[in-house]
Amino acid sequence: MPFHLEPLDIYDRLRDYKSVLLVSCPVCPPVSLATDNNQPLMEFFKHGIKTPAFEDHLEKLRTRLKQDGIKTGAFTSYLPCAAACLWTNGQRHRLLRRAGDYDAALVFGCESARYTVEDTLKDTDCDVILGMELVGVTNAKLRIEFPLTIKLEEQGRVHANERVDKAETRLAG
């Protein structure tokens with residue numbers, strides 16, 4: 001049940017920084033962009049465990065920031081828990097060490113991921129900016145193809161109040 005997130009247009013907000021650390025949750029954002037772009041979630045022998053649609057999005061942003069003289073870096077953590085909203089103290093400590101060289105941390109994840117990053121960096125001068133917004137929940141069937149390509153089929157997006165709206169309609173009628 002990954003959250004479905006859409007990238008925010010935050011480029012203008014980043015122009016005043018000298019350095020930006022792209023902090024990404026490796027769960028919901030890649031699933032979201034893979035489904036939005038109708039691309040595989042993973043093609044292990046081509047890209048390892050990275051999702052091309054998400055990596056392309058990050059690379060375009062990094063290139064644009066670099067053209068404006070803004071230093072960028074990237075941070076994500078897979079183990080022991082990939083979801084940024086559930087990072088351990090050790091994962092948070094690694095983020096804290098890494099973010100020390102940056103003016104801002106741009107979070108690719110949900111509000112809970114943003115909270116994790118804000119809580120981790122609360123005693124620093126590193127600003128935390130949310131780079132995606134929650135628009136629903138992704139629903140899909142995983143399909144594994146040879147050689148280790150993972151696709152998301154029969155994709156759907158469930159909106160937060162979809163069931164509530166249907167229930168209210170039945171009760172009102």
# chains A, B, ... in the order shown; residues from 1 in each chain; ligands from 1
>>> closest_atom_pairs(of="stretch 97-156 of chain A", to="stretch 48-56 of chain A", cutoff="10 Å", atoms="only C-alpha atoms", output="JSON lines")
{"residue": "A:Phe108", "atom": "CA", "partner": "A:Phe54", "partner_atom": "CA", "distance": 9.9}
{"residue": "A:Leu148", "atom": "CA", "partner": "A:Gly48", "partner_atom": "CA", "distance": 9.7}
{"residue": "A:Thr149", "atom": "CA", "partner": "A:Gly48", "partner_atom": "CA", "distance": 10.0}
{"residue": "A:Ile150", "atom": "CA", "partner": "A:Thr51", "partner_atom": "CA", "distance": 9.9}
>>> write_last_selection(atoms="all heavy atoms", output="compact mmCIF listing (two decimals), in the first residue's frame")
# COMPACT_ATOMS: atom_id res chain seq x y z
N PHE A 108 11.88 13.82 -0.70
CA PHE A 108 11.02 13.12 -1.65
C PHE A 108 10.37 11.98 -0.89
O PHE A 108 10.97 10.93 -0.68
CB PHE A 108 11.81 12.62 -2.85
CG PHE A 108 12.26 13.76 -3.72
CD1 PHE A 108 13.52 14.30 -3.57
CD2 PHE A 108 11.40 14.31 -4.65
CE1 PHE A 108 13.93 15.36 -4.34
CE2 PHE A 108 11.80 15.38 -5.44
CZ PHE A 108 13.07 15.91 -5.28
N LEU A 148 14.38 -10.58 -14.04
CA LEU A 148 14.22 -9.77 -12.84
C LEU A 148 13.76 -8.33 -13.13
O LEU A 148 14.35 -7.38 -12.65
CB LEU A 148 15.50 -9.75 -12.01
CG LEU A 148 15.80 -11.04 -11.26
CD1 LEU A 148 17.11 -10.92 -10.51
CD2 LEU A 148 14.69 -11.40 -10.30
N THR A 149 12.73 -8.22 -13.92
CA THR A 149 12.08 -6.94 -14.15
C THR A 149 10.76 -6.96 -13.40
O THR A 149 9.98 -7.90 -13.53
CB THR A 149 11.83 -6.71 -15.66
OG1 THR A 149 13.09 -6.62 -16.31
CG2 THR A 149 11.05 -5.43 -15.91
N ILE A 150 10.53 -5.93 -12.59
CA ILE A 150 9.30 -5.86 -11.81
C ILE A 150 8.43 -4.75 -12.37
O ILE A 150 8.87 -3.59 -12.46
CB ILE A 150 9.60 -5.60 -10.31
CG1 ILE A 150 10.46 -6.74 -9.76
CG2 ILE A 150 8.31 -5.45 -9.53
CD1 ILE A 150 10.93 -6.53 -8.35
>>> closest_atom_pairs(of="stretch 77-107 of chain A", to="stretch 113-126 of chain A", cutoff="9 Å", atoms="only C-alpha atoms", output="JSON lines")
{"residue": "A:Ala83", "atom": "CA", "partner": "A:Ala113", "partner_atom": "CA", "distance": 8.0}
{"residue": "A:Ala84", "atom": "CA", "partner": "A:Ala113", "partner_atom": "CA", "distance": 5.1}
{"residue": "A:Cys85", "atom": "CA", "partner": "A:Ala113", "partner_atom": "CA", "distance": 4.5}
{"residue": "A:Leu86", "atom": "CA", "partner": "A:Thr116", "partner_atom": "CA", "distance": 8.0}
{"residue": "A:Trp87", "atom": "CA", "partner": "A:Thr116", "partner_atom": "CA", "distance": 7.7}
{"residue": "A:Arg92", "atom": "CA", "partner": "A:Thr120", "partner_atom": "CA", "distance": 6.0}
{"residue": "A:His93", "atom": "CA", "partner": "A:Thr120", "partner_atom": "CA", "distance": 7.6}
{"residue": "A:Leu95", "atom": "CA", "partner": "A:Thr120", "partner_atom": "CA", "distance": 7.6}
{"residue": "A:Leu96", "atom": "CA", "partner": "A:Leu121", "partner_atom": "CA", "distance": 6.2}
{"residue": "A:Ala99", "atom": "CA", "partner": "A:Cys126", "partner_atom": "CA", "distance": 7.1}
{"residue": "A:Gly100", "atom": "CA", "partner": "A:Cys126", "partner_atom": "CA", "distance": 7.4}
{"residue": "A:Asp101", "atom": "CA", "partner": "A:Cys126", "partner_atom": "CA", "distance": 8.7}
{"residue": "A:Tyr102", "atom": "CA", "partner": "A:Cys126", "partner_atom": "CA", "distance": 6.4}
{"residue": "A:Asp103", "atom": "CA", "partner": "A:Cys126", "partner_atom": "CA", "distance": 4.8}
{"residue": "A:Ala104", "atom": "CA", "partner": "A:Cys126", "partner_atom": "CA", "distance": 4.8}
{"residue": "A:Ala105", "atom": "CA", "partner": "A:Cys126", "partner_atom": "CA", "distance": 6.6}
{"residue": "A:Leu106", "atom": "CA", "partner": "A:Arg114", "partner_atom": "CA", "distance": 8.8}
{"residue": "A:Val107", "atom": "CA", "partner": "A:Arg114", "partner_atom": "CA", "distance": 6.0}
>>> atom_distance(atom1="atom CA of A:Asn38", atom2="atom CA of A:Leu152")
8.2 Å
>>> closest_residue(among="A:Leu21, A:Val31, A:Cys110, A:Met42", to="A:Ile70", atoms="only C-alpha atoms")
A:Leu21
